[in-house]
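Asker: For reference, the structure I am asking about is given below.
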Amino acid sequence: MTDPVEVELKLEYDPAHRERLLASRLFGIAGRRHRRLVATYFDTPDQRLARAGYTLRIRRADEERIQTVKAAGSRTAGLFVRGEWEQPITGDWPILNDATGPLRQFVDARDLKRIGSLFVTEIDRIDGMIEQPGATMIEYAIDKGRVHTDDHSSDISEIEFELKQGNPQALFDLARELQEEVPLRLGVQTKSDRGYRLVDGRLGTPGKADPILLDSTGTVAEAFATIVDSCLRHYRINEAILIDCGAVEAVHQARVALRRLRTALFLFAPLLTGDKQGALFNAELRWLAGELGAIRDIDVLLPQLDGAAQTALGAVRDSKFAHMRNLLESSRVRLLPIEIAEWISLGEWQGEAGDQAIRDEPIRKFAGERLDRLRKRIKREGHQLSTLDDEHRHRLRKDAKKLRYAAEFFVTLYPGRKARRRLDRFLERLEALQDRLGELNDIAAAPDLLRRLGLDVDLPPRRRKSSARLLDKAEDCFEALIDSKRFWRG
């Protein structure tokens with residue numbers, strides 16, 4: 001018997017636009033329900049269920065109690081496709097039986113005694129069904145509420161479109177049509193994601209990307225979709241914080257997320273040969289990363305100044321961030337993650353425009369070849385590093401970042417202590433090279449940045465021999481990196 005699944009697209013909206021959403025002609029009035037849903041999520045203190053890839057909740061609506069188990073399943077750049085097992089219960093404590101699906105494989109009676117309430121969601125939901133031509137049926141849910149623990153809480157304003165019947169394309173078509181009426185953004189977190197991040201103290205704070213878990217027996221196409229999903233998630237989580245407060249770390253992490261996404265497009269270029277959208281998205285990502293980079297360059301330089309110079313540069317930063325916030329609120333930027341999610345899920349690269357042989361190729365073989373190719377490129381570019389000019393060193397630095405992101409993408413394909421030891425050494429030496437090249441780039445770029453901004457500021461004195469020492473260290477780091485054993489080779 002096939003396990004029950006849900007195919008769902010999440011979108012986030014500004015709570016100020018809730019009434020406009022409810023008035024949309026797309027939802028209609030017939031069959032609409034208004035419910036108050038309170039759900040308690042359970043796990044062990046060490047989050048055993050989450051680590052196994054499951055969530056367990058009991059949702060209360062009036063006198064009804066529904067226990068739901070959800071599996072992590074697959075998430076393809078915005079589309080949540082998950083196993084789901086529901087059953088009515090009479091109490092407020094989880095039960096284990098045949099209706100809880102595969103959860104019983106990971107939880108026994110002893111674990112059940114350790115399970116406790118971790119967090120609660122309280123949601124005002126308005127939902128209904130949308131019927132479209134071609135027997136397409138989509139259930140919608142417009143949610144407003146909060147997730148909370150005993151000490152902390154966070155607001156939730158999101159729309160869920162769940163495909164009940166038909167092609168997933170209908171979900172994106174509906175999102176695009178609704179976007180013309182109300183500003184929307186791609187939702188990348190489930191309510192349980194938000195709850196666990198709240199428990200861990202990570203919700204609402206800038207952060208690095210979560211580790212990527214690739215199946216070593218999987219295909220190139222599957223790995224590409226998983227990596228892009230991770231990059232979009234990384235970006236959207238930090239974009240929300242960036243819009244809210246413009247934090248320095250949020251600027252940095254949002255930009256890193258875009259660069260990781262562009263690296264994914266670069267690494268998987270052979271897969272995308274016949275799909276023109278990949279190049280268009282890469283151009284848009286490059287533009288947006290450049291806009292963020294203009295602020296990041298200032299953020300790097302500001303701590304090196306003081307007094308009037310720092311104040312003057314800070315005022316420029318404020319002006320540029322105001323411009324950045326306007327861009328982030330534009331439909332061009334809001335739609336970009338949604339369109340990339342649609343492309344990854346349903347784009348031409350998945351069909352005739354893509355290369356069937358590459359799509360189905362084992363990811364481990366493909367990853368090794370791409371890592372080899374990038375390492376060879378860096379080895380060639382870094383030859384006689386101390387004699388390179390600023391432009392060529394900067395090119396080497398960018399490719400070193402690509403290699404680092406690629407290593408992080410593919411790390412789980414190479415398990416074992418030997419591979420892990422090699423990986424740790426490889427990343428340590430790669431990061432050391434990046435740091436030295438980054439310092440050299442900062443020294444070279446700062447005067448030009450101030451000139452472009454029209455600021456007459458005296459930089460802290462930097463002696464020529466300081467740059468010379470950095471060049472010597474960079475060359476040593478480069479040689480150490482090239483001498484490192486490749487973790488992706490046995």
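Lettering and numbering for the structure tokens are positional, with chains as A, B, ... in the shown order, residues counted from 1 in each chain, and ligands counted from 1 in the shown order.
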Could you list, as a list in words, every residue within 8 Å of stretch 262-268 of chain A, counting only C-alpha atoms and ignoring same-chain residues fewer than 2 positions away?

Answerer: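 Skipping anything fewer than 2 positions along the chain leaves Phe224, Ile227, Val228, Leu258, Arg259, Arg260, Pro270, Leu271, Leu272, Gly278, Asn282, Leu285, Arg286, Arg370, Lys402, Tyr405 and Ala406 of chain A.
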
Asker: With C-alpha atoms kept, could you save the residues just selected as a short mmCIF file (atom, residue, chain, number, x, y, z; two decimals), in the first residue's frame?

Answerer:
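What follows is the written file selection09.cif:
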data_model
loop_
_atom_site.label_atom_id
_atom_site.label_comp_id
_atom_site.auth_asym_id
_atom_site.auth_seq_id
_atom_site.Cartn_x
_atom_site.Cartn_y
_atom_site.Cartn_z
CA PHE A 224 20.70 19.32 -7.82
CA ILE A 227 21.11 21.64 -3.14
CA VAL A 228 19.03 24.41 -4.73
CA LEU A 258 23.05 33.68 -3.48
CA ARG A 259 26.68 32.84 -4.21
CA ARG A 260 26.10 29.24 -3.13
CA PRO A 270 26.21 20.02 -17.83
CA LEU A 271 22.72 19.13 -16.58
CA LEU A 272 21.25 22.44 -17.79
CA GLY A 278 19.30 28.62 -15.95
CA ASN A 282 22.09 33.19 -12.92
CA LEU A 285 21.20 36.20 -8.94
CA ARG A 286 24.42 37.92 -9.96
CA ARG A 370 33.25 18.36 -10.91
CA LYS A 402 33.23 27.81 -5.31
CA TYR A 405 30.79 25.51 -1.41
CA ALA A 406 31.09 22.44 -3.65
#

Asker: With DSSP run on the backbone, what are the helix (DSSP H, G or I) residues within stretch 83-294 of chain A? I'd like them as a VMD selection string.

Answerer: chain A and resid 98 to 105 109 to 114 169 to 179 191 to 199 220 to 245 248 to 267 269 to 272 277 to 294

Asker: Within 7 Å of A:Arg436, counting only C-alpha atoms, which residues qualify if same-chain residues fewer than 5 places away don't, as a list in words?

Answerer: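 The residues satisfying every condition are Leu470, Lys473 and Ala474 of chain A.
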
Asker: Write out, as a PDB file, in the first residue's frame, the residues just selected, with C-alpha atoms.

Answerer:
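Result written to out.pdb:
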ATOM      1  CA  LEU A 470      50.177  38.345   3.312  1.00  0.00           C
ATOM      2  CA  LYS A 473      51.276  33.447   3.594  1.00  0.00           C
ATOM      3  CA  ALA A 474      48.757  33.143   0.768  1.00  0.00           C
TER       4      ALA A 474
END

Asker: I need the residues of stretch 61-255 of chain A that end up classed as strand (DSSP E or B) by DSSP on the backbone, written out as a ChimeraX atom specification.

Answerer: /A:61,64-71,74-76,79-88,116-132,136-148,153-165,184-186,219

Asker: Excluding same-chain residues fewer than 3 positions from A:Asp143, what lies within 6 Å of it counting only C-alpha atoms, as a ChimeraX atom specification?

Answerer: /A:124-125,157-158

Asker: Would you put the residues from that selection into a file with N, CA and C atoms, as a PDB file, in the first residue's frame?

Answerer:
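Output file part-v2.pdb follows:
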ATOM      1  N   ASP A 124      -5.218  30.918  13.561  1.00  0.00           N
ATOM      2  CA  ASP A 124      -6.530  31.230  13.005  1.00  0.00           C
ATOM      3  C   ASP A 124      -6.471  30.909  11.519  1.00  0.00           C
ATOM      4  N   ARG A 125      -7.237  29.912  11.106  1.00  0.00           N
ATOM      5  CA  ARG A 125      -7.161  29.423   9.724  1.00  0.00           C
ATOM      6  C   ARG A 125      -8.487  29.629   8.997  1.00  0.00           C
ATOM      7  N   SER A 157       2.415  34.132   9.438  1.00  0.00           N
ATOM      8  CA  SER A 157       1.439  34.608   8.451  1.00  0.00           C
ATOM      9  C   SER A 157       1.776  33.934   7.134  1.00  0.00           C
ATOM     10  N   GLU A 158       1.030  32.915   6.774  1.00  0.00           N
ATOM     11  CA  GLU A 158       1.376  32.151   5.587  1.00  0.00           C
ATOM     12  C   GLU A 158       0.143  31.571   4.913  1.00  0.00           C
TER      13      GLU A 158
END

Asker: Measuring atom to atom with only C-alpha atoms, identify which of A:Ile358, A:Ile138, A:Ala367, A:Leu423 is nearest to A:Asp173.

Answerer: A:Ile138

Asker: Could you tell me how far atom CA of A:Arg59 lies from atom CA of A:Met137, in Å and to one decimal?

Answerer: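 Spanning atom CA of A:Arg59 to atom CA of A:Met137 is a straight-line distance of 24.2 Å.
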
Asker: I'd like to know which of A:Leu49, A:Leu288, A:Val182, A:Glu381 is closest to A:Ala16, using only C-alpha atoms.

Answerer: A:Val182

Asker: Need the shell around stretch 98-113 of chain A: protein/DNA/RNA residues with any atom at most 8 Å away, counting only C-alpha atoms. Skip same-chain ones fewer than 2 positions apart. Format as an mmCIF file with C-alpha atoms, in the first residue's frame?

Answerer:
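Just written: selection.cif:
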data_model
loop_
_atom_site.group_PDB
_atom_site.id
_atom_site.type_symbol
_atom_site.label_atom_id
_atom_site.label_comp_id
_atom_site.auth_asym_id
_atom_site.auth_seq_id
_atom_site.Cartn_x
_atom_site.Cartn_y
_atom_site.Cartn_z
ATOM 1 C CA THR A 44 12.268 13.672 23.273
ATOM 2 C CA LEU A 49 12.090 12.220 16.327
ATOM 3 C CA ALA A 52 15.012 10.593 12.518
ATOM 4 C CA TYR A 54 9.690 12.912 11.731
ATOM 5 C CA THR A 68 -0.425 13.572 12.852
ATOM 6 C CA VAL A 69 2.934 12.065 12.035
ATOM 7 C CA TRP A 85 -0.277 9.680 8.810
ATOM 8 C CA GLU A 86 -3.336 11.008 10.644
ATOM 9 C CA GLN A 87 -5.738 9.482 13.123
ATOM 10 C CA LEU A 96 1.655 4.527 19.004
ATOM 11 C CA ILE A 115 8.464 12.370 24.910
#

Asker: Excluding A:Asp14 and any residue of its chain fewer than 2 positions from it, enumerate the residues within 12 Å of it, using only C-alpha atoms, and give them as a list in words.

Answerer: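 Those residues are Leu11, Glu12, Ala16, His17, Arg18, Glu19, Arg20, Leu21, Ile142, Asp143, Lys144, Asp155, Ile156, Ser157, Glu158, Ile159, Val182, Pro183, Leu184, Arg185, Ala240, Asp244 and Glu329 of chain A.
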
Asker: Which residue, A:Ala269, A:Ala468, A:Ala279, A:Leu242, has the smallest gap to A:Thr387 when you use only C-alpha atoms?

Answerer: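 Among the listed residues, A:Ala468 lies closest to A:Thr387.
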
Asker: Find the spatial neighbours of stretch 447-453 of chain A, counting only C-alpha atoms, within a cut-off of 10 Å - ignore same-chain residues fewer than 6 positions away - and output them as an MDAnalysis selection string.

Answerer: chainID A and resid 294 297:298 301 313 316 459

Asker: Can you work out the spacing between atom CA of A:Asp127 and atom CA of A:Ile29 in Å, to one decimal?

Answerer: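 Taking atom CA of A:Asp127 and atom CA of A:Ile29, their separation equals 10.0 Å.
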
Asker: Given only C-alpha atoms as the basis, pick out the residue of A:Ala322, A:Leu403, A:Leu433, A:Ala225 nearest to A:Gly368.

Answerer: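 Ranked by minimum distance to A:Gly368, first place goes to A:Leu403.
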
Asker: Rank nothing, just name the residue among A:Glu369, A:Gln356, A:Arg377, A:Ala308 nearest to A:Leu455, using only C-alpha atoms.

Answerer: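 Result for the nearest residue to A:Leu455: A:Ala308.
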
Asker: Would you mind reading off the distance between atom CA of A:Gly438 and atom CA of A:Lys398, one decimal, in Å?

Answerer: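 Computing it gives 9.8 Å between the two atoms.
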